[in-house]
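Just protein_4.cif here, mmCIF, C-alpha atoms:
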data_final
#
loop_
_atom_site.label_atom_id
_atom_site.label_comp_id
_atom_site.auth_asym_id
_atom_site.auth_seq_id
_atom_site.Cartn_x
_atom_site.Cartn_y
_atom_site.Cartn_z
CA MET D 1 52.12 -37.53 72.60
CA LYS D 2 50.62 -35.98 69.48
CA LEU D 3 48.12 -37.80 67.29
CA TRP D 4 46.57 -36.93 63.93
CA GLU D 5 43.72 -38.83 62.29
CA THR D 6 42.64 -38.63 58.63
CA LYS D 7 39.19 -38.91 57.09
CA ARG D 8 39.69 -42.64 56.48
CA GLY D 9 40.66 -43.20 60.09
CA TYR D 10 44.39 -43.62 59.56
CA LYS D 11 46.30 -42.58 62.65
CA ILE D 12 49.66 -40.82 62.72
CA ILE D 13 51.30 -41.02 66.14
CA GLN D 14 54.37 -38.98 67.03
CA ILE D 15 56.56 -41.60 68.69
CA LEU D 16 59.61 -39.38 69.27
CA SER D 17 59.85 -35.60 69.36
CA GLY D 18 62.54 -33.07 70.05
CA ARG D 19 65.75 -33.20 68.07
CA SER D 20 64.40 -35.80 65.63
CA ASN D 21 60.75 -36.70 65.17
CA VAL D 22 59.67 -40.27 64.55
CA PHE D 23 56.13 -41.05 63.43
CA LEU D 24 53.99 -44.16 63.16
CA LEU D 25 51.27 -44.52 60.51
CA GLU D 26 48.69 -47.23 61.23
CA ASN D 27 45.32 -48.36 59.87
CA GLY D 28 44.40 -50.97 62.48
CA GLN D 29 46.28 -53.75 60.70
CA THR D 30 49.47 -52.44 59.15
CA ASN D 31 52.07 -50.31 60.92
CA ILE D 32 54.59 -48.11 59.12
CA LEU D 33 57.35 -46.40 61.09
CA ILE D 34 58.66 -43.20 59.53
CA ASP D 35 62.34 -42.63 60.38
CA THR D 36 64.11 -43.93 63.49
CA GLY D 37 66.04 -41.07 65.10
CA PRO D 38 69.77 -41.28 65.96
CA ALA D 39 71.37 -44.20 67.80
CA SER D 40 71.50 -42.10 70.98
CA LYS D 41 67.67 -42.19 71.08
CA TRP D 42 67.34 -45.96 70.71
CA LYS D 43 66.26 -46.69 74.29
CA LYS D 44 63.70 -43.90 74.18
CA LEU D 45 62.37 -45.11 70.84
CA GLU D 46 62.10 -48.68 72.12
CA LYS D 47 60.29 -47.47 75.26
CA ARG D 48 57.81 -45.33 73.30
CA LEU D 49 56.96 -48.19 70.96
CA LYS D 50 56.22 -50.41 73.97
CA GLU D 51 54.18 -47.67 75.66
CA ASN D 52 52.04 -47.45 72.54
CA ARG D 53 51.69 -51.25 72.47
CA ILE D 54 53.28 -51.51 69.06
CA ASP D 55 53.98 -55.23 68.85
CA HIS D 56 54.68 -55.32 65.13
CA LEU D 57 56.13 -53.04 62.47
CA ASP D 58 55.47 -54.06 58.90
CA TYR D 59 57.42 -51.34 57.12
CA LEU D 60 60.03 -48.71 57.91
CA LEU D 61 60.03 -45.69 55.60
CA LEU D 62 63.19 -43.61 55.71
CA THR D 63 62.75 -40.05 54.46
CA HIS D 64 66.51 -40.11 53.76
CA SER D 65 69.64 -41.80 55.05
CA HIS D 66 71.22 -39.25 57.42
CA TYR D 67 72.12 -40.64 60.85
CA ASP D 68 69.42 -38.70 62.72
CA HIS D 69 66.80 -40.43 60.58
CA ALA D 70 68.26 -43.85 59.84
CA ASP D 71 70.70 -44.75 62.62
CA ASN D 72 68.34 -47.29 64.19
CA ALA D 73 67.08 -48.79 60.93
CA SER D 74 69.19 -51.94 61.22
CA ARG D 75 67.98 -52.58 64.79
CA ILE D 76 64.34 -52.01 63.84
CA LYS D 77 64.65 -54.36 60.89
CA ASP D 78 66.35 -57.06 62.97
CA ILE D 79 63.82 -56.90 65.81
CA TYR D 80 60.59 -56.50 63.86
CA GLY D 81 61.48 -58.11 60.54
CA CYS D 82 59.99 -55.14 58.68
CA GLN D 83 60.77 -54.13 55.12
CA VAL D 84 62.75 -50.91 54.69
CA ILE D 85 61.49 -48.44 52.08
CA LEU D 86 64.00 -45.93 50.72
CA HIS D 87 64.56 -43.83 47.62
CA ARG D 88 66.97 -45.37 45.13
CA ASP D 89 69.33 -42.36 45.33
CA GLU D 90 69.91 -43.09 49.04
CA GLU D 91 70.60 -46.83 48.63
CA HIS D 92 74.40 -46.65 48.58
CA ASN D 93 74.49 -44.36 51.62
CA LEU D 94 72.27 -46.60 53.74
CA LYS D 95 74.09 -49.79 52.74
CA THR D 96 77.50 -48.29 53.56
CA GLY D 97 76.51 -45.89 56.35
CA GLU D 98 78.33 -43.10 54.52
CA MET D 99 76.97 -39.73 53.37
CA SER D 100 78.46 -36.38 52.44
CA ALA D 101 77.42 -33.29 54.37
CA PRO D 102 74.67 -31.17 52.77
CA LYS D 103 75.41 -27.50 52.18
CA GLY D 104 74.55 -24.85 54.72
CA THR D 105 71.71 -22.48 53.80
CA ASN D 106 72.56 -19.64 56.22
CA PRO D 107 75.82 -18.03 57.39
CA MET D 108 76.14 -20.18 60.52
CA THR D 109 75.50 -23.52 58.83
CA ARG D 110 77.68 -22.59 55.87
CA PHE D 111 80.52 -21.87 58.33
CA ILE D 112 79.98 -25.25 60.03
CA VAL D 113 80.05 -27.14 56.73
CA ASN D 114 82.94 -25.17 55.21
CA HIS D 115 85.23 -25.14 58.25
CA LEU D 116 84.26 -28.30 60.10
CA ALA D 117 83.43 -30.46 57.08
CA SER D 118 85.34 -33.58 58.12
CA GLU D 119 83.91 -33.62 61.65
CA PHE D 120 80.44 -32.80 60.36
CA ALA D 121 80.58 -35.61 57.81
CA LYS D 122 81.50 -38.10 60.55
CA ARG D 123 78.32 -37.21 62.40
CA LEU D 124 76.23 -37.98 59.33
CA LYS D 125 77.31 -41.62 59.25
CA CYS D 126 74.72 -44.17 60.24
CA VAL D 127 74.73 -47.88 61.04
CA PRO D 128 74.52 -49.63 57.64
CA CYS D 129 71.25 -51.29 56.70
CA GLN D 130 70.00 -53.17 53.64
CA PRO D 131 66.88 -51.57 52.10
CA ASP D 132 64.15 -53.83 50.74
CA ILE D 133 61.97 -51.57 48.60
CA LEU D 134 63.57 -48.87 46.47
CA VAL D 135 61.31 -46.11 45.17
CA GLU D 136 61.79 -43.45 42.53
CA ASN D 137 59.39 -40.65 41.58
CA GLU D 138 56.22 -41.91 43.29
CA TYR D 139 55.35 -45.12 45.11
CA ASP D 140 51.71 -45.94 45.83
CA LEU D 141 50.88 -47.68 49.13
CA ASN D 142 47.37 -48.80 48.17
CA TRP D 143 48.62 -52.36 47.92
CA ILE D 144 49.30 -52.41 51.68
CA GLY D 145 46.00 -50.82 52.66
CA PHE D 146 46.70 -47.09 52.68
CA ASP D 147 45.46 -44.26 50.49
CA ALA D 148 48.98 -42.85 50.58
CA CYS D 149 52.04 -42.48 48.42
CA VAL D 150 55.76 -41.89 48.81
CA LEU D 151 56.72 -38.77 46.86
CA HIS D 152 60.27 -37.92 45.80
CA SER D 153 61.05 -34.50 47.32
CA PRO D 154 64.78 -33.90 46.76
CA GLY D 155 66.75 -30.87 47.84
CA HIS D 156 67.88 -31.54 51.37
CA SER D 157 69.42 -34.72 49.98
CA PRO D 158 69.18 -36.29 46.52
CA GLY D 159 66.82 -39.05 47.61
CA SER D 160 64.69 -37.27 50.19
CA VAL D 161 61.04 -38.38 50.14
CA SER D 162 57.75 -37.30 51.70
CA LEU D 163 54.77 -39.47 52.61
CA ILE D 164 51.39 -38.12 51.47
CA VAL D 165 48.59 -39.62 53.59
CA ASP D 166 44.95 -39.43 52.48
CA ASP D 167 45.86 -36.26 50.54
CA GLU D 168 45.51 -34.50 53.93
CA ILE D 169 48.77 -34.85 55.84
CA ALA D 170 52.33 -34.92 54.52
CA LEU D 171 55.27 -36.32 56.49
CA VAL D 172 58.09 -34.39 54.88
CA GLY D 173 61.38 -35.34 56.54
CA ASP D 174 63.83 -32.46 56.15
CA THR D 175 62.19 -31.02 53.04
CA ILE D 176 60.78 -28.39 55.36
CA PHE D 177 61.91 -27.36 58.86
CA GLY D 178 59.54 -26.94 61.80
CA VAL D 179 61.76 -25.29 64.40
CA PHE D 180 61.37 -21.64 63.40
CA LYS D 181 57.98 -19.95 63.71
CA SER D 182 58.46 -17.60 60.79
CA SER D 183 59.99 -19.96 58.22
CA VAL D 184 59.99 -23.54 56.94
CA PHE D 185 63.44 -23.15 55.38
CA PRO D 186 65.88 -25.91 56.51
CA PRO D 187 69.37 -24.93 57.75
CA TYR D 188 70.95 -27.52 55.44
CA ALA D 189 70.16 -28.48 51.86
CA GLU D 190 72.22 -30.09 49.13
CA ASN D 191 70.31 -28.20 46.43
CA VAL D 192 68.07 -25.27 47.42
CA ASN D 193 66.49 -24.91 43.98
CA LEU D 194 65.47 -28.56 43.97
CA MET D 195 64.10 -28.19 47.49
CA VAL D 196 61.93 -25.24 46.49
CA LYS D 197 60.63 -27.26 43.54
CA SER D 198 59.78 -30.01 46.02
CA TRP D 199 57.79 -27.47 48.05
CA GLY D 200 55.83 -26.73 44.89
CA ARG D 201 55.19 -30.42 44.40
CA LEU D 202 53.93 -30.73 47.97
CA LEU D 203 51.62 -27.79 47.37
CA GLU D 204 50.18 -29.59 44.34
CA THR D 205 48.64 -32.03 46.83
CA ASN D 206 45.65 -31.08 48.98
CA CYS D 207 47.59 -31.54 52.21
CA LYS D 208 46.91 -28.95 54.90
CA ILE D 209 49.29 -30.29 57.56
CA PHE D 210 53.00 -30.86 57.02
CA LEU D 211 54.90 -32.86 59.63
CA PRO D 212 58.67 -32.27 59.49
CA SER D 213 61.35 -34.41 61.09
CA HIS D 214 62.53 -31.49 63.22
CA GLY D 215 60.20 -29.19 65.12
CA ASN D 216 56.45 -28.76 64.93
CA ALA D 217 53.77 -29.21 62.29
CA LYS D 218 53.56 -26.53 59.63
CA SER D 219 50.45 -25.26 57.86
CA ARG D 220 49.82 -25.05 54.15
CA SER D 221 49.76 -21.25 54.36
CA GLN D 222 53.23 -21.19 55.97
CA LEU D 223 54.66 -23.40 53.24
CA GLN D 224 52.91 -21.40 50.52
CA LYS D 225 54.32 -18.14 51.90
CA ASP D 226 57.92 -19.36 51.87
CA PHE D 227 57.47 -20.98 48.47
CA GLN D 228 56.25 -17.73 46.93
CA LYS D 229 59.16 -15.80 48.51
CA LYS D 230 61.73 -18.17 47.04
CA VAL D 231 60.08 -18.27 43.64
CA ILE D 232 59.96 -14.47 43.48
CA SER D 233 63.58 -14.10 44.67
CA ASN D 234 64.74 -16.55 41.98
CA ASP D 235 62.91 -14.73 39.15
#

Mind turning the file's structure into structure tokens?
Amino acid sequence: MKLWETKRGYKIIQILSGRSNVFLLENGQTNILIDTGPASKWKKLEKRLKENRIDHLDYLLLTHSHYDHADNASRIKDIYGCQVILHRDEEHNLKTGEMSAPKGTNPMTRFIVNHLASEFAKRLKCVPCQPDILVENEYDLNWIGFDACVLHSPGHSPGSVSLIVDDEIALVGDTIFGVFKSSVFPPYAENVNLMVKSWGRLLETNCKIFLPSHGNAKSRSQLQKDFQKKVISND
């Protein structure tokens, strides 16, 4: 199980890996779960939390409301009594469990979305959950004991967010993709131009490590390289 630690001693533990990553941010007192994985991974998520002796969750931050990130939010909230943090633009989707399919960004994913749209949209549904804290552009977490902030990073979805921890590590949801070695470009994005702008915003931080919800950690140099390519191609 992977672990990252910042200069202030905050720990980021990768609770689930594989198809959908789930992370835990903790400072010795307060625990924040980042995303929940799909419903099919509930038993594994529950087991991993117990293995790590996580007896309380104070907050659940959802990077967005797609099923592979938010499907277990209602269960987590019911069991742990934690507050759910979400961007305001994702509120309706989480409360209803509904969400439209994002656009494909390559020939294969465009085919899937264009020709299998109805089936694809069904897969994006998640178990409805009531959010507690709705954020907008930035949301500072100093008040709960972290030098961290939730940063709006739209593109994959309208209300996608990233969590900037200690200005060192960014948990970025689907704003970048960690599966391919040569690229951080996600296979799906509602608005590619907005997503590239979000990359630029992430690069305005001092973060050197970017933890996506799918795949492995990405470096600042990898993100910078893809950002420059997209900026140049759009000029």

Quiz prompt | Expansion of the PyMOL selection byres ((chain D and resi 182) around 12) into residues, as a PyMOL selection string | solution = chain D and resi 177-181+183-186+218-219+221-223+225-226

Restricting the output to C-alpha atoms, write the selected residues as a PDB file, in the frame of the given file.
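Result file follows (selection.pdb):
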ATOM      1  CA  PHE D 177      61.910 -27.360  58.860  1.00  0.00           C
ATOM      2  CA  GLY D 178      59.540 -26.940  61.800  1.00  0.00           C
ATOM      3  CA  VAL D 179      61.760 -25.290  64.400  1.00  0.00           C
ATOM      4  CA  PHE D 180      61.370 -21.640  63.400  1.00  0.00           C
ATOM      5  CA  LYS D 181      57.980 -19.950  63.710  1.00  0.00           C
ATOM      6  CA  SER D 183      59.990 -19.960  58.220  1.00  0.00           C
ATOM      7  CA  VAL D 184      59.990 -23.540  56.940  1.00  0.00           C
ATOM      8  CA  PHE D 185      63.440 -23.150  55.380  1.00  0.00           C
ATOM      9  CA  PRO D 186      65.880 -25.910  56.510  1.00  0.00           C
ATOM     10  CA  LYS D 218      53.560 -26.530  59.630  1.00  0.00           C
ATOM     11  CA  SER D 219      50.450 -25.260  57.860  1.00  0.00           C
ATOM     12  CA  SER D 221      49.760 -21.250  54.360  1.00  0.00           C
ATOM     13  CA  GLN D 222      53.230 -21.190  55.970  1.00  0.00           C
ATOM     14  CA  LEU D 223      54.660 -23.400  53.240  1.00  0.00           C
ATOM     15  CA  LYS D 225      54.320 -18.140  51.900  1.00  0.00           C
ATOM     16  CA  ASP D 226      57.920 -19.360  51.870  1.00  0.00           C
TER      17      ASP D 226
END

Practice problem: Tell me which of D:Gly81, D:Arg53, D:Asp68, D:Gln130 sits closest to Arg19 of chain D, counting all atoms listed in the file. | Solution: D:Asp68

Self-check item: Selection under test: the PyMOL selection byres ((chain D and resi 52) around 12); residues as number ranges by chain
Solution: D: 1-3, 13-16, 23-24, 26, 31, 45-51, 53-56

Output for the residues just chosen: C-alpha atoms as a PDB file, in the frame of the given file:
ATOM      1  CA  MET D   1      52.120 -37.530  72.600  1.00  0.00           C
ATOM      2  CA  LYS D   2      50.620 -35.980  69.480  1.00  0.00           C
ATOM      3  CA  LEU D   3      48.120 -37.800  67.290  1.00  0.00           C
ATOM      4  CA  ILE D  13      51.300 -41.020  66.140  1.00  0.00           C
ATOM      5  CA  GLN D  14      54.370 -38.980  67.030  1.00  0.00           C
ATOM      6  CA  ILE D  15      56.560 -41.600  68.690  1.00  0.00           C
ATOM      7  CA  LEU D  16      59.610 -39.380  69.270  1.00  0.00           C
ATOM      8  CA  PHE D  23      56.130 -41.050  63.430  1.00  0.00           C
ATOM      9  CA  LEU D  24      53.990 -44.160  63.160  1.00  0.00           C
ATOM     10  CA  GLU D  26      48.690 -47.230  61.230  1.00  0.00           C
ATOM     11  CA  ASN D  31      52.070 -50.310  60.920  1.00  0.00           C
ATOM     12  CA  LEU D  45      62.370 -45.110  70.840  1.00  0.00           C
ATOM     13  CA  GLU D  46      62.100 -48.680  72.120  1.00  0.00           C
ATOM     14  CA  LYS D  47      60.290 -47.470  75.260  1.00  0.00           C
ATOM     15  CA  ARG D  48      57.810 -45.330  73.300  1.00  0.00           C
ATOM     16  CA  LEU D  49      56.960 -48.190  70.960  1.00  0.00           C
ATOM     17  CA  LYS D  50      56.220 -50.410  73.970  1.00  0.00           C
ATOM     18  CA  GLU D  51      54.180 -47.670  75.660  1.00  0.00           C
ATOM     19  CA  ARG D  53      51.690 -51.250  72.470  1.00  0.00           C
ATOM     20  CA  ILE D  54      53.280 -51.510  69.060  1.00  0.00           C
ATOM     21  CA  ASP D  55      53.980 -55.230  68.850  1.00  0.00           C
ATOM     22  CA  HIS D  56      54.680 -55.320  65.130  1.00  0.00           C
TER      23      HIS D  56
END

Quiz item: Using the chain letters and numbers from the file, which residues does the PyMOL selection byres ((chain D and resi 8) around 9) grab, as a list of chain:residue names?
Solution: D:Glu5, D:Thr6, D:Lys7, D:Gly9, D:Tyr10, D:Asn27, D:Asp147, D:Asp166

Please produce an output containing C-alpha atoms for each residue in the selection, written as a compact mmCIF listing (two decimals), in the frame of the given file.
# COMPACT_ATOMS: atom_id res chain seq x y z
CA GLU D 5 43.72 -38.83 62.29
CA THR D 6 42.64 -38.63 58.63
CA LYS D 7 39.19 -38.91 57.09
CA GLY D 9 40.66 -43.20 60.09
CA TYR D 10 44.39 -43.62 59.56
CA ASN D 27 45.32 -48.36 59.87
CA ASP D 147 45.46 -44.26 50.49
CA ASP D 166 44.95 -39.43 52.48

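For Thr96 of chain D, the list of residues within 12 Å, based on only C-alpha atoms and with local chain neighbours fewer than 5 positions off taken out, reads Ser65, His66, Tyr67, Asp71, Ser74, Glu90, Glu91, Leu124, Lys125, Cys126, Val127, Pro128, Cys129, Gln130 and Pro131 of chain D.
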
Quiz prompt | Among listed residues D:Arg75, D:Arg110, D:Lys103, D:Lys44, nearest His156 of chain D (using only C-alpha atoms) | solution = D:Lys103

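Put simply, atom CA of Pro38 of chain D is 28.9 Å away from atom CA of Gly145 of chain D.
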
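In this model, the gap between atom CA of Gly37 of chain D and atom CA of Gly215 of chain D comes to 13.2 Å.
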
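Taking atom CA of Thr175 of chain D and atom CA of Leu141 of chain D as the two end points, the separation is 20.5 Å.
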
Given 8 Å on each side, where is the centre and what are the edge lengths in Å to one decimal of the axis-aligned box enclosing the listed atoms of segment 147-151 of chain D, as JSON?
{"center_x": 51.1, "center_y": -41.5, "center_z": 48.7, "size_x": 27.3, "size_y": 21.5, "size_z": 19.7}

Practice problem: Fewer than 6 positions away in the same chain doesn't count, so skip those; otherwise give me all residues within 9 Å of Val165 of chain D, counting all atoms listed in the file, as JSON, numbers by chain. | Solution: {"D": [6, 10, 25, 146, 147, 148, 149, 150, 171, 207]}

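Residue nearest Asp89 of chain D, chosen from D:Asn142, D:Ile32, D:Pro107, D:Ser160 and counting only C-alpha atoms: D:Ser160.
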
Self-check item: Given all atoms listed in the file as the counted atoms, nearest of D:Pro187, D:Gly173, D:Gly104, D:Pro212 to His69 of chain D
Solution: D:Gly173

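Minimum atom-to-atom distances from D:Lys11, D:Val135, D:Met99, D:Val192 to Glu168 of chain D were compared using only C-alpha atoms, and the lowest value belongs to D:Lys11.
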
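In this comparison, which uses only C-alpha atoms, the residue of D:Val161, D:Leu61, D:Ile209, D:Ala189 approaching Thr109 of chain D most closely is D:Ala189.
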
Self-check item: Non-local contacts of Thr36 of chain D (6 Å; only C-alpha atoms; under 3 positions in same chain excluded) as a ChimeraX atom specification
Solution: /D:22,69-70,72

Hey, could you patch up segment 163-174 of chain D with N, CA and C atoms and hand it over as an mmCIF file, in the frame of the given file?
data_model
loop_
_atom_site.group_PDB
_atom_site.id
_atom_site.type_symbol
_atom_site.label_atom_id
_atom_site.label_comp_id
_atom_site.auth_asym_id
_atom_site.auth_seq_id
_atom_site.Cartn_x
_atom_site.Cartn_y
_atom_site.Cartn_z
ATOM 1 N N LEU D 163 55.887 -38.528 52.625
ATOM 2 C CA LEU D 163 54.770 -39.470 52.610
ATOM 3 C C LEU D 163 53.465 -38.689 52.647
ATOM 4 N N ILE D 164 52.672 -38.822 51.593
ATOM 5 C CA ILE D 164 51.390 -38.120 51.470
ATOM 6 C C ILE D 164 50.294 -39.081 51.929
ATOM 7 N N VAL D 165 49.586 -38.731 53.000
ATOM 8 C CA VAL D 165 48.590 -39.620 53.590
ATOM 9 C C VAL D 165 47.192 -39.048 53.397
ATOM 10 N N ASP D 166 46.355 -39.808 52.684
ATOM 11 C CA ASP D 166 44.950 -39.430 52.480
ATOM 12 C C ASP D 166 44.800 -38.066 51.801
ATOM 13 N N ASP D 167 45.853 -37.589 51.161
ATOM 14 C CA ASP D 167 45.860 -36.260 50.540
ATOM 15 C C ASP D 167 45.492 -35.178 51.552
ATOM 16 N N GLU D 168 45.813 -35.425 52.835
ATOM 17 C CA GLU D 168 45.510 -34.500 53.930
ATOM 18 C C GLU D 168 46.753 -34.077 54.699
ATOM 19 N N ILE D 169 47.598 -35.074 54.986
ATOM 20 C CA ILE D 169 48.770 -34.850 55.840
ATOM 21 C C ILE D 169 50.011 -35.343 55.112
ATOM 22 N N ALA D 170 51.071 -34.539 55.134
ATOM 23 C CA ALA D 170 52.330 -34.920 54.520
ATOM 24 C C ALA D 170 53.419 -35.018 55.584
ATOM 25 N N LEU D 171 54.099 -36.158 55.639
ATOM 26 C CA LEU D 171 55.270 -36.320 56.490
ATOM 27 C C LEU D 171 56.478 -36.055 55.618
ATOM 28 N N VAL D 172 57.184 -34.963 55.888
ATOM 29 C CA VAL D 172 58.090 -34.390 54.880
ATOM 30 C C VAL D 172 59.573 -34.505 55.190
ATOM 31 N N GLY D 173 59.958 -35.226 56.237
ATOM 32 C CA GLY D 173 61.380 -35.340 56.540
ATOM 33 C C GLY D 173 62.018 -33.986 56.744
ATOM 34 N N ASP D 174 63.131 -33.743 56.053
ATOM 35 C CA ASP D 174 63.830 -32.460 56.150
ATOM 36 C C ASP D 174 63.561 -31.555 54.952
#
